[in-house]
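Undergrad: Attaching a single structure in structure tokens format; questions to follow.
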Amino acid sequence: MTEPVIEPDIMRMSWGPQHPMSGQTRILLDIDGEKVHRIIADLGFTHRGIEKILENRTFLQGIIPMERMVMADTPNIGLGYVMATEEAMGIEVPERANWIRSMICEMARINSHLYAFGLQAESTGYFPAVFLWTTVDRTIILRLFEELTGARWSLNFFMPGGVHKDLPKGFEDKVIEGVEYLRRRFEQYWVAMVENATFELRCDHVGVLKPEDAIRLGATGPVLRGSGIPIDVRKDEPYAAYGDLDFEVITESACDSMARTKVRYREIGQSLDIMEQVANEVPSGPIRTNVPLFARAKAAEVLSRVETARGEMGVHLFTDGGMNPYRVKIHSPTLRNMYVFERLAELDEILVADIPVLINSIDPWYLDSDR
Amino acid sequence: MNIVLTLWKFIIEFLTVNAKPLLQIIVLPGLLWVIVYAIIAVWFERKFLARAMLRVGPYYCGGRFGWLQLIADFIKLFFKEMIIPRDVNTFFFLLMPVLLPSVPALAVILIPFASDWVLWNVGSLGMPMFFAIAGIAPLIPVFAGWASNNKYTFIGAWRVAYMYISAEIPMVLCAASVAIMVGSFDLVVIARAQENMWFFIPQFIGFVIFFLGVMIQSERTPFDMPGAETELVLGWRTEYSGVLYGFVMFTEYVALQAWALMFLTLYLGGFNGPVLFGATTASHIFWLVIKFVLLVTLVILLRVIFPRLRMDQMLKLGWQYLTPLAILNLVITLALKLWGVY
């Protein structure tokens, strides 16, 4: 990255990668005392060439590197690629498989939002109580994943034509048990964190992103919905079984960091509802259409859209009739939200202490933005 | 032979004559108490916080309750490599951590642990001396942060300066109100005056302000901005490693001790309490230590409930709320003194 020139009387501070809160990325802050004049995100700092790797894998093998993009949210990311392949190959997915896909995607969304929620508490200097609680509560989801797929994080469970395995016996009851437990816990989170007066002081009116700015800068996911714009691919262009499921698109009108946190909090409630619905009403039938191991796709150009935990992800897939994709272009949600984050210093007055709150309010996953 | 005998006699005589001051220097407000307290406090904080958050805390080291954990940590810190970055001002960088704990420790020895147990009894200079010594404290982090030659430490150092000043002025005003009420700066006299009624009742505004001040001066959450981990790595402490880091962390607890003891002496009766078994001095010390442990527990517990404030919010609190309230408290005290209520 070519770094912009430093203005006179301004100090340039590195916020990461050697920083307890930054993660793997590198962000530069131009500061004057405590005030942040400019945020420069070093996009591409963690580039791993996933798009290129996918070109050298068959469609089935490609799911594995694809899921490495966002480890907290592997099913949603994997589903984007799987859906694109299915469209290119012209495969129909059985209804039961679609329902199971929806349930797993929602479980992953809860997993990811819990992580974001805990980090948001951590970023305000809340001694790691809430972060540890959310980490423990993720175990409920991870145990269900383990029982279903054998893996806890990178599931590789979706494949072109359906899902890998059917639900084990008694799995539905365990899902409902887990949902009830998580609902009880969420009431405690609301009291301990969202209603905490000091937490409100730190998050209210911080990093205000007006609806018109959110659209202009291309925000997506909870950041966009936190600015009061109800856009959700699950509703607008239903995939998997979302057309048959009953849920709401969550929006908050406050447009600040607190609103984004609340959107995540309430979205977890909706995801729990969806999990319960699927567990109660999942239709019976086959779980997979058989697809040859080294399937070839006809020459095509397809685009699939999925709503991941961080926002809308697009997979633009070009095939040339071979066993591998010719080119894959991934349009990742964190990249779009990082552009928003960079502009926040111009839109609102920001202090150094607000930076961790803001960066966690957009819930970045740097490997996702840099691919 | 004669010389050895004379020397031996002299040592025995010296020890018998100076038994009390020696005991004070080595054991109670002195070296042993400060070190043992800091070690126990760190362990207690970790274990107690863990229980308050439904965790277990240190567990394996020492068999039960992880009681050896802090000793193990201390040994580890002592033998770790001490990294001195290339571009630091080495003299100040090395000097400051050594000076750090000595300033609050100097303040501790002014506190009366019993009516006749004061290590450094300066009489009517007690309170001004305490605030004079405490006033030096913020200079050391500022120097340390500047000497470290790092952007995080530099911002952290200036946060220390802003924060301590905004807290110290209301605290001095509140302490002055107490002194006006009693009519003396002598800490023993102030503590004795609370035999019938602890001063947190007539001086309630001062009590609240001083408590917040204790939290601010000892950098406890929600006022731990100078070392805000998520913003400035470790603030002005960032560059210290190994045994220097040990010193720096140790200071935090000594500072908490100095301010907490002052707070107890001014508002919560100091060493006053029922005399047990007819031993006045022992029971005075006992009650002060009991009150101190309870206060430290409360301060630690607050860490579970509060996120950190922002720097501007903290300064607003100090200058817009605490200082005017402290002045109001002072005016009320003066008026009541004038009308002869106190």
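Residue numbers start at 1 in each chain; chains themselves are named A, B, ... in the order of the structure tokens; ligands are numbered from 1 in the order shown.
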Provide as number ranges by chain the residues of chain B at most 7 Å from chain A, counting only C-alpha atoms.

TA: B: 53, 151, 229-231, 233, 303-304, 306-310

Undergrad: I need the residues from that last selection saved to file as a compact mmCIF listing (two decimals), in the first residue's frame (with C-alpha atoms), if you can.

TA:
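Contents of out-v5.txt, freshly written:
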# COMPACT_ATOMS: atom_id res chain seq x y z
CA MET B 53 -17.91 -13.86 36.55
CA LYS B 151 3.21 6.58 20.43
CA GLU B 229 -5.79 -2.30 26.56
CA THR B 230 -8.15 -2.16 23.63
CA GLU B 231 -7.01 1.33 22.65
CA VAL B 233 -2.08 -1.74 24.20
CA ARG B 303 -14.50 -4.01 37.77
CA VAL B 304 -17.03 -6.72 36.93
CA PHE B 306 -18.31 -1.40 34.44
CA PRO B 307 -16.85 -0.97 30.99
CA ARG B 308 -14.23 1.75 30.64
CA LEU B 309 -15.21 5.40 30.26
CA ARG B 310 -13.87 7.55 27.47

Undergrad: List the spatial neighbours of range 255-267 of chain B as a compact mmCIF listing (two decimals) with N, CA and C atoms, in the first residue's frame - criterion: any atom at most 7 Å away, only C-alpha atoms, same-chain residues fewer than 2 positions off excluded.

TA:
# COMPACT_ATOMS: atom_id res chain seq x y z
N PRO B 104 3.90 5.99 46.26
CA PRO B 104 2.74 5.64 47.09
C PRO B 104 3.13 4.95 48.40
N ALA B 107 3.66 7.46 50.90
CA ALA B 107 2.41 8.03 51.39
C ALA B 107 1.77 7.11 52.43
N VAL B 108 1.95 5.80 52.26
CA VAL B 108 1.31 4.85 53.19
C VAL B 108 1.83 5.04 54.60
N ILE B 111 0.00 7.17 57.28
CA ILE B 111 -1.34 6.82 57.75
C ILE B 111 -1.26 6.23 59.16
N ILE B 190 -7.78 13.52 63.27
CA ILE B 190 -8.94 13.34 62.41
C ILE B 190 -9.58 11.97 62.68
N ALA B 191 -8.73 10.94 62.79
CA ALA B 191 -9.26 9.60 63.05
C ALA B 191 -9.90 9.52 64.43
N TRP B 198 -18.73 8.39 62.25
CA TRP B 198 -17.81 8.42 61.11
C TRP B 198 -18.19 9.57 60.19
N PHE B 199 -17.21 10.15 59.54
CA PHE B 199 -17.46 11.39 58.80
C PHE B 199 -18.20 11.20 57.50
N PHE B 200 -18.50 9.94 57.11
CA PHE B 200 -19.23 9.82 55.84
C PHE B 200 -20.67 10.29 55.99
N PHE B 207 -17.55 12.26 50.73
CA PHE B 207 -17.35 10.81 50.77
C PHE B 207 -17.46 10.21 49.38
N PHE B 210 -14.61 11.52 47.09
CA PHE B 210 -13.31 10.94 47.42
C PHE B 210 -13.25 9.48 46.99
N VAL B 214 -10.52 7.89 44.62
CA VAL B 214 -9.67 6.72 44.90
C VAL B 214 -9.63 5.81 43.68
N SER B 218 -6.12 5.27 41.48
CA SER B 218 -5.49 3.96 41.40
C SER B 218 -5.79 3.28 40.08
N THR B 251 3.03 -1.33 41.45
CA THR B 251 2.70 0.04 41.85
C THR B 251 1.22 0.30 41.92
N GLU B 252 0.49 -0.28 40.96
CA GLU B 252 -0.95 -0.07 40.91
C GLU B 252 -1.60 -0.41 42.24
N TYR B 253 -1.14 -1.53 42.82
CA TYR B 253 -1.75 -1.98 44.06
C TYR B 253 -1.28 -1.14 45.24
N GLY B 269 -13.93 6.31 59.67
CA GLY B 269 -13.54 6.06 61.05
C GLY B 269 -12.10 5.66 61.25
N GLY B 270 -11.33 5.50 60.17
CA GLY B 270 -9.93 5.14 60.35
C GLY B 270 -9.78 3.87 61.16
N PHE B 292 -10.10 -2.06 55.38
CA PHE B 292 -9.30 -1.95 54.15
C PHE B 292 -9.61 -3.11 53.21

Undergrad: Any idea what the distance is between CA of Val340 in chain A and CA of Ile231 in chain A?

TA: 16.7 Å

Undergrad: So that I can see what lies close to range 173-188 of chain A, please list as a VMD selection string the residues with an atom at most 7 Å from it, counting only C-alpha atoms and leaving out residues fewer than 6 positions away in the same chain.

TA: chain A and resid 140 272 276 279

Undergrad: So which residues touch Gly90 in chain A within 12 Å, counting only C-alpha atoms, skipping near sequence neighbours fewer than 6 positions away, as a list in words?

TA: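 Here the qualifying residues turn out to be Val82, Met83, Ala84, Pro160, Gly161, Thr289, Val291, Ala295, Arg296, Ala297, Lys298, Ala299, Ala300 and Val302 of chain A.
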
Undergrad: Step one, run DSSP on the backbone; step two, keep only residues of range 100-189 of chain B assigned to alpha helix (DSSP H); then write them as number ranges by chain.

TA: B: 100-108, 126-136, 139-147, 151-182, 187-189

Undergrad: If we count only C-alpha atoms, what is near Glu81 in chain B at a cut-off of 9 Å, once residues fewer than 5 positions away on the same chain are taken out, given as a VMD selection string?

TA: chain B and resid 241 to 243

Undergrad: Name all residues at most 7 Å from range 365-367 of chain A (count only C-alpha atoms; drop same-chain ones fewer than 3 positions away) and give them as a PDB file with C-alpha atoms, in the first residue's frame.

TA:
ATOM      1  CA  GLN A  24      -4.541  -9.529  11.781  1.00  0.00           C
ATOM      2  CA  THR A  25      -5.143  -6.280   9.976  1.00  0.00           C
ATOM      3  CA  THR A  46      -3.869 -10.456   4.746  1.00  0.00           C
ATOM      4  CA  MET A  69     -12.514 -17.157   4.417  1.00  0.00           C
ATOM      5  CA  VAL A  70     -14.592 -16.717   7.565  1.00  0.00           C
ATOM      6  CA  THR A 334     -16.324  -7.092   5.190  1.00  0.00           C
ATOM      7  CA  ASP A 370      -8.782  -9.460   1.729  1.00  0.00           C
ATOM      8  CA  ARG A 371      -9.685 -12.961   0.491  1.00  0.00           C
TER       9      ARG A 371
END

Undergrad: Find the distance between CA of Thr153 in chain B and CA of Arg237 in chain B and write it in Å to one decimal.

TA: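 Computing it gives 6.5 Å between the two atoms.
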
Undergrad: Which residue out of B:Val178, B:Ala282, B:Ala228, B:Leu302 has the minimum interatomic distance to Asn329 in chain B when only C-alpha atoms are used?

TA: B:Val178

Undergrad: Find, counting only C-alpha atoms, the residue in B:Trp287, B:Phe247, B:Trp146, B:Tyr240 that gets nearest to Leu100 in chain B.

TA: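 Going through B:Trp287, B:Phe247, B:Trp146, B:Tyr240 one by one, the smallest distance to Leu100 in chain B is for B:Phe247.
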
Undergrad: If you measure from CA of His205 in chain A to CA of Thr261 in chain A, what distance in Å do you get, rounded to one decimal?

TA: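 It comes out at 12.6 Å.
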
Undergrad: Write out as a PyMOL selection string each polymer residue whose atoms come within 6 Å of Leu330 in chain B, counting only C-alpha atoms; drop sequence neighbours fewer than 3 positions from it.

TA: chain B and resi 177+327+333

Undergrad: Next, the residues of the selection above should be written as an mmCIF file, in the first residue's frame with C-alpha atoms.

TA:
data_model
loop_
_atom_site.group_PDB
_atom_site.id
_atom_site.type_symbol
_atom_site.label_atom_id
_atom_site.label_comp_id
_atom_site.auth_asym_id
_atom_site.auth_seq_id
_atom_site.Cartn_x
_atom_site.Cartn_y
_atom_site.Cartn_z
ATOM 1 C CA SER B 177 -13.470 20.171 54.268
ATOM 2 C CA ILE B 327 -16.464 23.433 46.209
ATOM 3 C CA THR B 333 -18.705 22.883 55.713
#

Undergrad: For Leu68 in chain B, which of B:Leu7, B:Ile133, B:Ala326, B:Ile40 is the closest residue, counting only C-alpha atoms?

TA: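 Among the listed residues, B:Ile40 lies closest to Leu68 in chain B.
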